[in-house]
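Raw contents of run.cif, mmCIF, C-alpha atoms:
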data_structure
loop_
_atom_site.label_atom_id
_atom_site.label_comp_id
_atom_site.auth_asym_id
_atom_site.auth_seq_id
_atom_site.Cartn_x
_atom_site.Cartn_y
_atom_site.Cartn_z
CA MET A 1 -42.96 126.36 50.52
CA ILE A 2 -43.05 129.74 48.86
CA ALA A 3 -45.77 132.18 49.80
CA ILE A 4 -46.94 134.60 47.13
CA VAL A 5 -48.51 137.53 48.95
CA ASP A 6 -52.08 137.73 47.71
CA TYR A 7 -53.26 141.30 47.92
CA GLY A 8 -55.59 141.10 44.97
CA LEU A 9 -53.42 142.91 42.44
CA GLY A 10 -51.76 141.51 39.38
CA ASN A 11 -51.70 138.36 37.41
CA ILE A 12 -49.94 135.69 39.40
CA ALA A 13 -50.87 132.68 37.24
CA ASN A 14 -47.58 132.73 35.39
CA LEU A 15 -45.46 133.38 38.44
CA THR A 16 -47.07 130.30 39.99
CA ASN A 17 -46.43 128.31 36.79
CA ALA A 18 -42.76 129.31 36.81
CA LEU A 19 -42.26 128.43 40.48
CA GLU A 20 -43.95 125.06 40.04
CA TYR A 21 -41.84 124.40 36.94
CA LEU A 22 -38.77 125.06 39.12
CA GLY A 23 -40.10 122.46 41.56
CA TYR A 24 -41.32 124.73 44.35
CA GLU A 25 -44.54 124.37 46.28
CA VAL A 26 -46.56 127.55 46.15
CA ASN A 27 -49.11 129.00 48.53
CA ILE A 28 -50.96 132.12 47.41
CA THR A 29 -52.11 133.71 50.63
CA ASN A 30 -52.68 136.85 52.69
CA LYS A 31 -53.04 135.06 56.03
CA GLN A 32 -50.47 136.03 58.60
CA ASP A 33 -49.85 132.51 59.98
CA GLU A 34 -49.43 131.04 56.50
CA LEU A 35 -46.99 133.76 55.49
CA GLU A 36 -45.01 133.10 58.66
CA LYS A 37 -44.87 129.37 57.91
CA ALA A 38 -43.43 129.88 54.41
CA ASP A 39 -39.70 129.53 53.74
CA LYS A 40 -39.64 132.37 51.24
CA ILE A 41 -41.90 135.29 50.41
CA ILE A 42 -42.70 136.78 47.03
CA LEU A 43 -44.42 140.14 46.75
CA PRO A 44 -45.80 140.23 43.21
CA GLY A 45 -47.70 143.04 41.58
CA VAL A 46 -48.86 144.62 38.42
CA GLY A 47 -50.97 147.72 38.36
CA HIS A 48 -51.19 150.98 40.24
CA TYR A 49 -48.85 151.77 43.16
CA LYS A 50 -51.47 153.52 45.24
CA ASP A 51 -54.00 150.68 44.83
CA ALA A 52 -51.32 148.23 45.88
CA MET A 53 -50.41 150.13 49.05
CA ASN A 54 -54.10 150.61 49.89
CA LYS A 55 -54.77 146.88 49.52
CA ILE A 56 -51.77 145.96 51.64
CA GLU A 57 -52.96 148.31 54.37
CA GLU A 58 -56.59 147.15 54.15
CA LEU A 59 -55.50 143.55 54.58
CA ASN A 60 -53.36 144.62 57.54
CA LEU A 61 -50.28 143.04 55.99
CA LEU A 62 -47.79 145.75 56.99
CA PRO A 63 -46.75 144.25 60.37
CA VAL A 64 -46.18 140.72 59.05
CA LEU A 65 -44.29 141.89 55.94
CA GLU A 66 -42.15 144.17 58.11
CA LYS A 67 -41.29 141.20 60.30
CA LEU A 68 -40.63 138.69 57.50
CA LYS A 69 -38.49 140.94 55.31
CA ASP A 70 -35.42 140.44 57.50
CA THR A 71 -35.88 136.79 58.35
CA LYS A 72 -36.60 135.05 55.03
CA PRO A 73 -35.73 135.55 51.37
CA PHE A 74 -38.17 138.33 50.47
CA ILE A 75 -38.55 139.02 46.76
CA GLY A 76 -40.48 141.85 45.17
CA ILE A 77 -41.21 141.51 41.47
CA CYS A 78 -42.15 144.36 39.10
CA LEU A 79 -44.55 146.61 41.06
CA GLY A 80 -43.65 144.39 44.03
CA MET A 81 -40.05 145.63 43.75
CA GLN A 82 -41.16 149.26 43.50
CA LEU A 83 -43.23 148.85 46.68
CA LEU A 84 -40.03 148.07 48.61
CA PHE A 85 -38.95 151.71 48.25
CA GLU A 86 -39.91 154.86 50.14
CA HIS A 87 -42.22 156.75 47.82
CA SER A 88 -43.82 156.71 44.37
CA GLU A 89 -45.04 159.58 42.26
CA GLU A 90 -47.66 157.13 40.90
CA GLY A 91 -50.48 158.25 43.20
CA ASN A 92 -47.97 160.26 45.29
CA VAL A 93 -47.90 157.71 48.10
CA ARG A 94 -45.44 156.24 50.56
CA GLY A 95 -44.19 152.75 49.89
CA LEU A 96 -43.08 150.05 52.30
CA GLY A 97 -39.80 151.91 52.81
CA TYR A 98 -37.58 148.85 53.22
CA LEU A 99 -35.03 150.24 50.77
CA PRO A 100 -33.88 153.84 50.23
CA GLY A 101 -35.11 155.34 46.96
CA THR A 102 -38.15 156.58 45.11
CA VAL A 103 -40.23 155.56 42.11
CA LYS A 104 -40.84 157.91 39.18
CA LYS A 105 -42.38 157.78 35.72
CA ILE A 106 -40.00 156.85 32.90
CA THR A 107 -39.23 159.95 30.84
CA GLY A 108 -37.03 160.81 27.89
CA ASN A 109 -37.17 160.17 24.19
CA VAL A 110 -38.39 156.57 24.52
CA ALA A 111 -41.67 154.67 24.31
CA VAL A 112 -43.46 154.19 27.62
CA PRO A 113 -44.04 151.52 28.89
CA HIS A 114 -40.52 150.14 28.69
CA LEU A 115 -41.69 146.96 27.04
CA GLY A 116 -39.61 144.13 25.64
CA TRP A 117 -36.31 142.35 26.00
CA ASN A 118 -33.42 144.37 27.33
CA LYS A 119 -29.92 143.41 28.36
CA LEU A 120 -28.85 143.34 31.98
CA ASN A 121 -25.67 145.16 32.93
CA SER A 122 -24.06 143.98 36.13
CA THR A 123 -20.73 143.39 37.77
CA ILE A 124 -22.01 139.84 38.34
CA PRO A 125 -20.98 137.96 35.18
CA SER A 126 -23.99 135.63 35.14
CA LEU A 127 -26.37 138.60 34.90
CA ASP A 128 -25.69 139.63 31.32
CA ASP A 129 -28.65 138.23 29.37
CA ASP A 130 -31.71 139.79 27.80
CA VAL A 131 -34.77 139.74 30.06
CA TYR A 132 -38.38 140.84 29.57
CA PHE A 133 -39.42 144.20 31.00
CA ILE A 134 -42.83 145.82 31.06
CA HIS A 135 -43.22 148.89 33.26
CA SER A 136 -43.89 152.62 33.08
CA PHE A 137 -42.34 153.69 36.38
CA LYS A 138 -38.81 153.08 37.55
CA VAL A 139 -36.82 153.11 40.76
CA HIS A 140 -34.37 155.91 41.50
CA THR A 141 -31.73 154.84 43.99
CA ASP A 142 -27.97 154.74 44.26
CA GLN A 143 -27.85 151.95 46.79
CA ASN A 144 -28.18 148.15 46.68
CA VAL A 145 -28.21 148.06 42.86
CA VAL A 146 -27.18 144.67 41.47
CA ALA A 147 -28.12 145.10 37.79
CA THR A 148 -29.40 147.79 35.45
CA ALA A 149 -30.64 147.98 31.88
CA GLU A 150 -30.18 150.83 29.42
CA TYR A 151 -33.33 152.63 28.27
CA ASP A 152 -32.42 156.20 27.46
CA GLU A 153 -31.23 156.46 31.05
CA ASP A 154 -30.43 153.46 33.20
CA VAL A 155 -33.30 151.44 34.61
CA VAL A 156 -32.68 149.69 37.93
CA ALA A 157 -33.32 146.01 37.15
CA ILE A 158 -32.25 144.09 40.27
CA VAL A 159 -31.61 145.32 43.81
CA GLN A 160 -30.61 143.39 46.88
CA LYS A 161 -30.08 144.26 50.52
CA GLU A 162 -29.41 141.15 52.57
CA SER A 163 -32.61 139.05 52.51
CA ILE A 164 -34.54 141.55 50.38
CA VAL A 165 -34.36 141.23 46.59
CA GLY A 166 -36.19 143.37 44.04
CA ILE A 167 -36.58 142.39 40.39
CA GLN A 168 -38.07 144.98 38.03
CA PHE A 169 -38.43 142.73 34.99
CA HIS A 170 -40.50 139.54 34.76
CA PRO A 171 -38.22 136.56 35.42
CA GLU A 172 -41.23 134.28 34.89
CA LYS A 173 -41.48 135.63 31.31
CA SER A 174 -37.80 135.82 30.45
CA GLY A 175 -37.28 132.30 29.15
CA THR A 176 -34.82 129.82 30.63
CA LYS A 177 -32.48 132.57 31.84
CA GLY A 178 -35.33 134.27 33.69
CA LEU A 179 -36.17 131.07 35.52
CA GLN A 180 -32.51 130.75 36.58
CA ILE A 181 -32.54 134.31 37.93
CA LEU A 182 -35.78 133.66 39.83
CA ASP A 183 -34.31 130.50 41.32
CA GLN A 184 -31.12 132.31 42.31
CA ALA A 185 -33.13 135.09 43.95
CA LEU A 186 -35.02 132.49 46.00
CA LYS A 187 -31.80 130.75 47.01
CA GLY A 188 -30.26 133.78 48.65
CA GLY A 189 -29.80 136.16 45.78
CA PHE A 190 -26.85 137.73 44.09
CA THR A 191 -24.73 139.60 46.59
CA HIS A 192 -23.67 136.95 49.08
CA ASP A 193 -20.21 135.42 48.85
CA MET B 194 -30.49 148.67 24.79
CA ILE B 195 -34.05 147.48 24.20
CA LYS B 196 -34.33 144.82 21.52
CA LYS B 197 -36.69 144.82 18.58
CA ARG B 198 -39.12 141.92 18.86
CA ILE B 199 -40.02 139.25 16.31
CA ILE B 200 -43.46 137.81 16.98
CA PRO B 201 -45.09 134.85 15.25
CA CYS B 202 -48.88 134.90 15.27
CA LEU B 203 -50.83 131.66 15.55
CA ASP B 204 -54.46 131.57 14.45
CA VAL B 205 -56.34 129.14 16.66
CA MET B 206 -59.79 127.76 15.93
CA ASP B 207 -61.47 125.39 18.37
CA GLY B 208 -58.14 124.71 20.05
CA VAL B 209 -56.21 123.93 16.87
CA VAL B 210 -53.79 126.15 14.95
CA VAL B 211 -55.08 126.91 11.48
CA LYS B 212 -54.12 129.32 8.79
CA GLY B 213 -56.14 131.05 6.15
CA ILE B 214 -55.23 130.33 2.58
CA GLN B 215 -56.35 133.37 0.61
CA PHE B 216 -59.79 133.25 2.20
CA LYS B 217 -60.55 129.94 0.48
CA GLY B 218 -60.54 127.94 3.60
CA LEU B 219 -58.65 126.85 6.63
CA ARG B 220 -56.16 124.09 7.00
CA GLU B 221 -55.23 122.53 10.28
CA ILE B 222 -51.52 122.88 10.84
CA GLY B 223 -50.99 121.69 14.32
CA ASN B 224 -51.20 121.51 18.03
CA PRO B 225 -50.79 125.05 19.44
CA VAL B 226 -48.73 123.99 22.43
CA ASP B 227 -46.23 122.12 20.21
CA LEU B 228 -46.04 125.00 17.76
CA ALA B 229 -45.57 127.52 20.56
CA LYS B 230 -42.69 125.44 21.92
CA ARG B 231 -41.15 125.20 18.48
CA TYR B 232 -41.28 128.97 17.97
CA ASN B 233 -39.86 129.51 21.43
CA ALA B 234 -36.92 127.24 20.63
CA LEU B 235 -36.41 129.09 17.34
CA GLY B 236 -36.09 132.43 19.12
CA ALA B 237 -39.54 134.03 19.08
CA ASP B 238 -39.54 136.97 21.50
CA GLU B 239 -43.22 136.73 22.19
CA LEU B 240 -46.23 134.83 20.87
CA VAL B 241 -49.59 136.04 19.71
CA PHE B 242 -52.53 133.66 19.63
CA LEU B 243 -55.49 134.89 17.66
CA ASP B 244 -58.61 132.95 18.60
CA ILE B 245 -60.82 132.79 15.52
CA SER B 246 -63.33 130.35 17.04
CA ALA B 247 -66.93 131.32 16.44
CA THR B 248 -68.45 129.53 19.41
CA GLU B 249 -68.28 129.59 23.20
CA THR B 250 -66.94 126.03 23.13
CA GLY B 251 -64.16 127.21 20.84
CA HIS B 252 -63.25 130.08 23.18
CA ALA B 253 -63.23 127.67 26.13
CA LEU B 254 -60.80 125.44 24.23
CA MET B 255 -58.58 128.50 23.79
CA LEU B 256 -58.37 128.84 27.56
CA ASP B 257 -57.10 125.25 27.75
CA VAL B 258 -54.49 126.02 25.10
CA ILE B 259 -53.27 129.02 27.11
CA ARG B 260 -53.17 127.01 30.35
CA GLN B 261 -51.13 124.23 28.77
CA THR B 262 -48.77 126.59 26.97
CA ALA B 263 -48.20 128.76 30.05
CA LYS B 264 -47.10 125.75 32.10
CA GLU B 265 -44.29 124.94 29.70
CA LEU B 266 -43.31 128.17 28.05
CA PHE B 267 -41.93 131.21 29.82
CA ILE B 268 -42.07 133.97 27.23
CA PRO B 269 -44.84 136.57 26.87
CA MET B 270 -48.14 135.51 25.32
CA THR B 271 -50.75 137.84 23.90
CA ILE B 272 -54.26 136.58 23.17
CA GLY B 273 -56.70 138.26 20.83
CA GLY B 274 -59.94 137.44 19.09
CA GLY B 275 -63.51 137.58 20.29
CA ILE B 276 -62.77 139.35 23.57
CA GLN B 277 -65.91 141.24 24.60
CA SER B 278 -65.71 142.17 28.25
CA VAL B 279 -63.70 142.68 31.39
CA SER B 280 -64.71 139.18 32.51
CA ASP B 281 -63.35 137.67 29.25
CA ILE B 282 -60.06 139.46 29.91
CA SER B 283 -60.01 138.26 33.49
CA ALA B 284 -60.47 134.64 32.35
CA LEU B 285 -57.66 134.91 29.77
CA LEU B 286 -55.20 136.52 32.17
CA GLY B 287 -56.11 133.98 34.83
CA ALA B 288 -55.36 131.16 32.39
CA GLY B 289 -51.88 132.57 31.77
CA ALA B 290 -52.13 135.22 29.06
CA ASP B 291 -49.77 138.15 29.67
CA LYS B 292 -51.58 140.58 27.41
CA VAL B 293 -54.87 140.65 25.61
CA SER B 294 -55.51 142.39 22.34
CA LEU B 295 -58.84 144.09 21.78
CA ASN B 296 -60.20 145.18 18.43
CA SER B 297 -63.91 145.12 17.54
CA ALA B 298 -65.16 145.31 21.13
CA ALA B 299 -62.98 148.36 21.82
CA LEU B 300 -64.25 150.17 18.72
CA ARG B 301 -67.83 149.42 19.72
CA ASN B 302 -67.28 150.32 23.36
CA PRO B 303 -64.14 152.43 23.94
CA ASP B 304 -64.84 152.51 27.69
CA LEU B 305 -63.77 148.87 27.76
CA ILE B 306 -60.18 150.10 27.25
CA SER B 307 -60.22 152.36 30.31
CA GLU B 308 -62.10 149.84 32.45
CA ALA B 309 -59.68 147.07 31.53
CA SER B 310 -56.54 149.15 31.92
CA GLU B 311 -57.67 150.41 35.32
CA LYS B 312 -58.50 146.92 36.50
CA PHE B 313 -55.57 144.96 35.07
CA GLY B 314 -52.96 147.65 34.28
CA SER B 315 -52.32 149.26 30.89
CA GLN B 316 -49.35 147.01 30.25
CA CYS B 317 -51.61 144.05 29.51
CA ILE B 318 -54.05 145.91 27.25
CA CYS B 319 -52.97 145.85 23.62
CA ILE B 320 -55.25 147.47 21.05
CA ALA B 321 -55.30 145.77 17.66
CA ILE B 322 -56.07 148.09 14.77
CA ASP B 323 -56.93 146.87 11.28
CA ALA B 324 -56.34 149.89 9.05
CA LYS B 325 -57.23 150.36 5.39
CA TRP B 326 -56.54 153.34 3.13
CA ASP B 327 -59.61 155.01 1.64
CA GLU B 328 -58.66 156.48 -1.72
CA GLU B 329 -61.71 158.70 -1.92
CA LYS B 330 -61.39 160.18 1.55
CA GLN B 331 -57.57 160.13 1.43
CA ASP B 332 -57.19 158.66 4.91
CA TRP B 333 -56.93 155.36 6.79
CA PHE B 334 -60.02 153.90 8.48
CA CYS B 335 -60.47 151.18 11.11
CA TYR B 336 -62.09 147.86 10.29
CA THR B 337 -63.66 145.31 12.62
CA HIS B 338 -64.50 141.60 12.58
CA GLY B 339 -61.20 140.46 11.16
CA GLY B 340 -61.20 143.18 8.50
CA LYS B 341 -64.66 142.39 7.19
CA GLN B 342 -66.58 145.45 8.42
CA ALA B 343 -65.64 149.04 7.72
CA THR B 344 -66.14 151.77 10.33
CA ASP B 345 -66.14 155.54 9.95
CA ILE B 346 -63.39 155.86 12.56
CA ARG B 347 -60.18 157.34 11.21
CA THR B 348 -57.18 155.23 12.20
CA LEU B 349 -54.99 158.12 13.39
CA ASP B 350 -57.83 159.57 15.49
CA TRP B 351 -58.36 156.14 17.04
CA VAL B 352 -54.65 155.83 17.91
CA LYS B 353 -54.79 159.07 19.92
CA ARG B 354 -58.02 158.04 21.59
CA VAL B 355 -56.92 154.55 22.68
CA GLU B 356 -53.67 155.84 24.08
CA ALA B 357 -55.57 158.43 26.13
CA LEU B 358 -57.94 155.69 27.34
CA GLY B 359 -55.02 153.67 28.71
CA ALA B 360 -53.88 151.24 26.03
CA GLY B 361 -50.39 149.89 26.71
CA GLU B 362 -49.44 148.78 23.22
CA LEU B 363 -50.74 148.86 19.64
CA LEU B 364 -50.85 146.01 17.15
CA VAL B 365 -51.31 147.68 13.79
CA THR B 366 -52.21 145.64 10.72
CA SER B 367 -52.15 147.33 7.36
CA MET B 368 -54.93 145.64 5.41
CA ASP B 369 -53.56 147.10 2.20
CA TYR B 370 -50.25 145.32 2.71
CA ASP B 371 -51.49 142.19 4.52
CA GLY B 372 -50.97 139.01 2.50
CA MET B 373 -49.02 140.79 -0.24
CA GLN B 374 -45.63 139.73 1.16
CA GLN B 375 -44.09 142.93 -0.26
CA GLY B 376 -42.94 144.43 3.04
CA PHE B 377 -44.56 146.39 5.87
CA ASP B 378 -46.50 149.64 5.42
CA HIS B 379 -43.74 152.01 6.58
CA LYS B 380 -45.74 155.15 5.89
CA LEU B 381 -48.69 154.20 8.10
CA LEU B 382 -46.52 152.64 10.80
CA SER B 383 -44.18 155.65 11.02
CA LEU B 384 -47.12 158.01 11.32
CA ILE B 385 -48.65 155.94 14.10
CA GLN B 386 -45.43 155.38 16.06
CA GLY B 387 -44.65 159.09 15.62
CA MET B 388 -47.84 160.14 17.37
CA ALA B 389 -48.00 157.36 19.99
CA THR B 390 -45.74 157.13 23.02
CA ILE B 391 -46.72 153.48 23.59
CA PRO B 392 -44.94 150.69 21.67
CA VAL B 393 -46.25 149.61 18.26
CA ILE B 394 -46.21 146.07 16.83
CA ALA B 395 -46.23 146.15 13.02
CA SER B 396 -48.25 143.57 11.12
CA GLY B 397 -49.13 142.88 7.52
CA GLY B 398 -46.86 142.41 4.53
CA ALA B 399 -43.84 140.45 5.72
CA GLY B 400 -42.54 138.19 2.96
CA SER B 401 -38.82 137.95 3.65
CA ALA B 402 -36.18 138.59 6.29
CA ASP B 403 -35.30 141.88 4.55
CA HIS B 404 -38.78 143.17 5.22
CA PHE B 405 -38.13 143.00 8.98
CA SER B 406 -34.73 144.70 8.83
CA ASP B 407 -36.17 147.39 6.53
CA LEU B 408 -39.07 147.88 8.97
CA PHE B 409 -36.74 148.48 11.92
CA ILE B 410 -34.34 150.68 9.95
CA GLU B 411 -37.01 152.87 8.40
CA THR B 412 -39.50 153.13 11.27
CA ASN B 413 -39.36 153.33 15.06
CA VAL B 414 -41.80 150.49 15.75
CA SER B 415 -40.94 148.07 18.55
CA ALA B 416 -41.85 144.76 16.97
CA GLY B 417 -42.72 142.96 13.76
CA LEU B 418 -45.38 140.27 13.56
CA ALA B 419 -46.01 137.65 10.89
CA ALA B 420 -47.92 134.41 10.52
CA SER B 421 -47.76 132.60 7.24
CA ILE B 422 -44.10 133.12 6.34
CA PHE B 423 -43.08 131.55 9.63
CA HIS B 424 -45.65 128.74 9.45
CA ASP B 425 -44.70 127.85 5.88
CA GLU B 426 -41.03 128.02 6.83
CA ASP B 427 -40.38 130.41 3.95
CA VAL B 428 -38.24 132.29 6.44
CA SER B 429 -37.14 131.23 9.91
CA ILE B 430 -37.13 133.55 12.90
CA GLN B 431 -33.41 132.87 13.24
CA GLU B 432 -32.77 134.07 9.67
CA VAL B 433 -34.73 137.24 10.37
CA LYS B 434 -32.75 137.88 13.53
CA ASP B 435 -29.39 137.15 11.92
CA LEU B 436 -30.09 139.58 9.11
CA CYS B 437 -31.32 142.27 11.51
CA ILE B 438 -28.20 141.91 13.67
CA GLN B 439 -26.03 142.09 10.56
CA LYS B 440 -27.73 145.37 9.66
CA GLY B 441 -27.27 146.80 13.13
CA VAL B 442 -30.79 146.26 14.50
CA PRO B 443 -30.69 145.20 18.17
CA MET B 444 -32.10 141.69 18.63
CA ARG B 445 -32.35 139.34 21.59
CA SER B 446 -29.79 136.60 21.31
CA VAL B 447 -31.07 133.12 22.03
#

This entry written out as structure tokens:
Amino acid sequence: MIAIVDYGLGNIANLTNALEYLGYEVNITNKQDELEKADKIILPGVGHYKDAMNKIEELNLLPVLEKLKDTKPFIGICLGMQLLFEHSEEGNVRGLGYLPGTVKKITGNVAVPHLGWNKLNSTIPSLDDDVYFIHSFKVHTDQNVVATAEYDEDVVAIVQKESIVGIQFHPEKSGTKGLQILDQALKGGFTHD
Amino acid sequence: MIKKRIIPCLDVMDGVVVKGIQFKGLREIGNPVDLAKRYNALGADELVFLDISATETGHALMLDVIRQTAKELFIPMTIGGGIQSVSDISALLGAGADKVSLNSAALRNPDLISEASEKFGSQCICIAIDAKWDEEKQDWFCYTHGGKQATDIRTLDWVKRVEALGAGELLVTSMDYDGMQQGFDHKLLSLIQGMATIPVIASGGAGSADHFSDLFIETNVSAGLAASIFHDEDVSIQEVKDLCIQKGVPMRSV
């Protein structure tokens, strides 16, 4: 059973479709006992960073997320990945702080949002396909980076630190390859031997 | 490097894909879910469904189409046509749409753009603009209701306004070029992409694979959209992509 953390932000219909297509059972919930019962946790999210942190705090989810992040595969997708870091300039707020790094607006001579298919660059040979991105803010970190994509400057695309995985793009919208990446993230991720 | 996108557009009426034949009528050409799967297999980077149903029952059937397609197809889907309100958008996103495109309702009520982008995020709010050159006034103007009704809103003014209101993407159709199959309107599209920081999808005028490679070489737009040439199999998406790659335009490999 996979629990998708339901904090009222973002469109999780297609994430649910993708997980069910991969054969997983899905529970969309914000109840502490149900989150604890799940085998794996997904923190989704689309929208504004500050709203997301406010909702998570209002629902009193911080203690349970803090506990589960080290004990189960814990995957943040899109805004959900950005929330794993320490701070965002979107709303100038603190994040969950599970990973070192900050979130800043994409700048440079490029269209914003970073929208469309972009190629992953990684030392892991299987992570070399085009995947679908749509985001206006990006993570700045020099640690735990598994894959990047080139968009004027590099965009951090996948991070992993032990049980915690962050995916900036939308694996549920990146065709067959995206589904494989999502499955791999749920099965322990990319950095284990 | 980010890839340029090739997007087939499917016109759906009462849950069935149709296509206009020079305004004379509509011909049923297939089951939307099957067609969506076919385009996906052929290498479409994204799909646009334009719901041209005139009734509530027709719009409800569109929701079923989205639900079915989203269970089997894992590429981005944009839905446009007849969207009036935040609750319409909510229903479409809940059914599995990734983006919605707003046209007439946004021109009538621009606040809908800011309300929707605040509630759902700008990334899922695409503004569709039907633009037509006015020879007398020497400028482009926006049209509503599928290009049937003129407005006094200048296209370039509208581009600035919708971006400021929180649009995440623009779908620009040149009515002067649409249906002519002589290539895209590079002049209009370059002007719009030059003033917008959000991505632009070009529409109207595609008649051959060359028209897509020319579009991406001569303008900075992010994507090219077409309907009839793909439906009629005059040109396949694969041919378009092969030619673009040959000419140095970055394309997603399938």

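Among the candidates B:Ala288, B:Leu235, B:Val226, B:Leu300, the residue lying nearest to Val428 (chain B) is B:Leu235 (atoms considered: only C-alpha atoms).
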
Check your understanding: Could you tell me, as a VMD selection string, which residues have any atom at most 8 Å from (-44.7, 145.8, 48.0), counting all atoms listed in the file?
Key -> chain A and resid 43 to 45 52 to 53 56 76 79 to 84 95 to 96

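With only C-alpha atoms as the atoms that count, the minimum distance from Ser126 (chain A) to the choices A:Ser88, A:Thr148, A:Asn14, A:Gln180 is reached by A:Gln180.
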
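CA of Glu411 (chain B) is found 27.9 Å from CA of Ile272 (chain B).
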
Exercise for review: Using only C-alpha atoms, select each residue of chain B with any atom at most 7 Å away from an atom of chain A, and give the selection as a PyMOL selection string.
Suggested key: chain B and resi 194-196+263-264+267-269+286-289+313-314+316+361+390-392+445

File dump, residues just selected, C-alpha atoms, as a PDB file, keeping the file's coordinate frame:
ATOM      1  CA  MET B 194     -30.490 148.670  24.790  1.00  0.00           C
ATOM      2  CA  ILE B 195     -34.050 147.480  24.200  1.00  0.00           C
ATOM      3  CA  LYS B 196     -34.330 144.820  21.520  1.00  0.00           C
ATOM      4  CA  ALA B 263     -48.200 128.760  30.050  1.00  0.00           C
ATOM      5  CA  LYS B 264     -47.100 125.750  32.100  1.00  0.00           C
ATOM      6  CA  PHE B 267     -41.930 131.210  29.820  1.00  0.00           C
ATOM      7  CA  ILE B 268     -42.070 133.970  27.230  1.00  0.00           C
ATOM      8  CA  PRO B 269     -44.840 136.570  26.870  1.00  0.00           C
ATOM      9  CA  LEU B 286     -55.200 136.520  32.170  1.00  0.00           C
ATOM     10  CA  GLY B 287     -56.110 133.980  34.830  1.00  0.00           C
ATOM     11  CA  ALA B 288     -55.360 131.160  32.390  1.00  0.00           C
ATOM     12  CA  GLY B 289     -51.880 132.570  31.770  1.00  0.00           C
ATOM     13  CA  PHE B 313     -55.570 144.960  35.070  1.00  0.00           C
ATOM     14  CA  GLY B 314     -52.960 147.650  34.280  1.00  0.00           C
ATOM     15  CA  GLN B 316     -49.350 147.010  30.250  1.00  0.00           C
ATOM     16  CA  GLY B 361     -50.390 149.890  26.710  1.00  0.00           C
ATOM     17  CA  THR B 390     -45.740 157.130  23.020  1.00  0.00           C
ATOM     18  CA  ILE B 391     -46.720 153.480  23.590  1.00  0.00           C
ATOM     19  CA  PRO B 392     -44.940 150.690  21.670  1.00  0.00           C
ATOM     20  CA  ARG B 445     -32.350 139.340  21.590  1.00  0.00           C
TER      21      ARG B 445
END

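Evaluated against this file, the PyMOL selection byres ((chain B and resi 353) around 12) yields Ile320, Ile346, Arg347, Thr348, Leu349, Asp350, Trp351, Val352, Arg354, Val355, Glu356, Ala357, Leu358, Gly359, Ala360, Leu363, Leu384, Ile385, Gln386, Gly387, Met388, Ala389, Thr390 and Ile391 of chain B.
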
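Look at everything within 6 Å of (-40.2, 156.0, 36.8) using all atoms listed in the file, and the residues you get are Val103, Lys104, Lys105, Ile106, Phe137, Lys138 and Val139 of chain A.
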
Please produce a file of the residues just selected, as an mmCIF file, keeping the file's coordinate frame, where the atoms kept are C-alpha atoms.
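Listed below is the output, out.cif:
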data_model
loop_
_atom_site.group_PDB
_atom_site.id
_atom_site.type_symbol
_atom_site.label_atom_id
_atom_site.label_comp_id
_atom_site.auth_asym_id
_atom_site.auth_seq_id
_atom_site.Cartn_x
_atom_site.Cartn_y
_atom_site.Cartn_z
ATOM 1 C CA VAL A 103 -40.230 155.560 42.110
ATOM 2 C CA LYS A 104 -40.840 157.910 39.180
ATOM 3 C CA LYS A 105 -42.380 157.780 35.720
ATOM 4 C CA ILE A 106 -40.000 156.850 32.900
ATOM 5 C CA PHE A 137 -42.340 153.690 36.380
ATOM 6 C CA LYS A 138 -38.810 153.080 37.550
ATOM 7 C CA VAL A 139 -36.820 153.110 40.760
#

Review point. Do you know which residues the PyMOL selection byres ((chain B and resi 393) around 6) returns on this file, as a VMD selection string?
Key: chain B and resid 362 to 364 392 394 414 to 415

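Here the PyMOL selection byres ((chain B and resi 200) around 9) matches the residues Arg198, Ile199, Pro201, Cys202, Ala237, Asp238, Glu239, Leu240, Val241, Ile394, Ala416, Gly417, Leu418, Ala419, Ala420 and Ile430 of chain B.
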
Please save C-alpha atoms of the selected residues as a tab-separated table (two decimals), in the frame of the given file.
chain	number	residue	atom	x	y	z
B	198	ARG	CA	-39.12	141.92	18.86
B	199	ILE	CA	-40.02	139.25	16.31
B	201	PRO	CA	-45.09	134.85	15.25
B	202	CYS	CA	-48.88	134.90	15.27
B	237	ALA	CA	-39.54	134.03	19.08
B	238	ASP	CA	-39.54	136.97	21.50
B	239	GLU	CA	-43.22	136.73	22.19
B	240	LEU	CA	-46.23	134.83	20.87
B	241	VAL	CA	-49.59	136.04	19.71
B	394	ILE	CA	-46.21	146.07	16.83
B	416	ALA	CA	-41.85	144.76	16.97
B	417	GLY	CA	-42.72	142.96	13.76
B	418	LEU	CA	-45.38	140.27	13.56
B	419	ALA	CA	-46.01	137.65	10.89
B	420	ALA	CA	-47.92	134.41	10.52
B	430	ILE	CA	-37.13	133.55	12.90

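Distance check against Val145 (chain A) using all atoms listed in the file: of A:Asn60, A:Gly108, A:Thr191, A:Ala185, the minimum falls on A:Thr191.
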
Give me the residues near Pro73 (chain A) as a compact mmCIF listing (two decimals) with C-alpha atoms, in the frame of the given file, where near means some atom within 9 Å (using all atoms listed in the file) and where sequence neighbours in that chain fewer than 4 positions away do not count.
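Just written: out.txt:
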# COMPACT_ATOMS: atom_id res chain seq x y z
CA ASP A 39 -39.70 129.53 53.74
CA LYS A 40 -39.64 132.37 51.24
CA ILE A 41 -41.90 135.29 50.41
CA ILE A 42 -42.70 136.78 47.03
CA LEU A 68 -40.63 138.69 57.50
CA LYS A 69 -38.49 140.94 55.31
CA GLU A 162 -29.41 141.15 52.57
CA SER A 163 -32.61 139.05 52.51
CA ILE A 164 -34.54 141.55 50.38
CA VAL A 165 -34.36 141.23 46.59
CA ALA A 185 -33.13 135.09 43.95
CA LEU A 186 -35.02 132.49 46.00
CA LYS A 187 -31.80 130.75 47.01
CA GLY A 188 -30.26 133.78 48.65
CA GLY A 189 -29.80 136.16 45.78
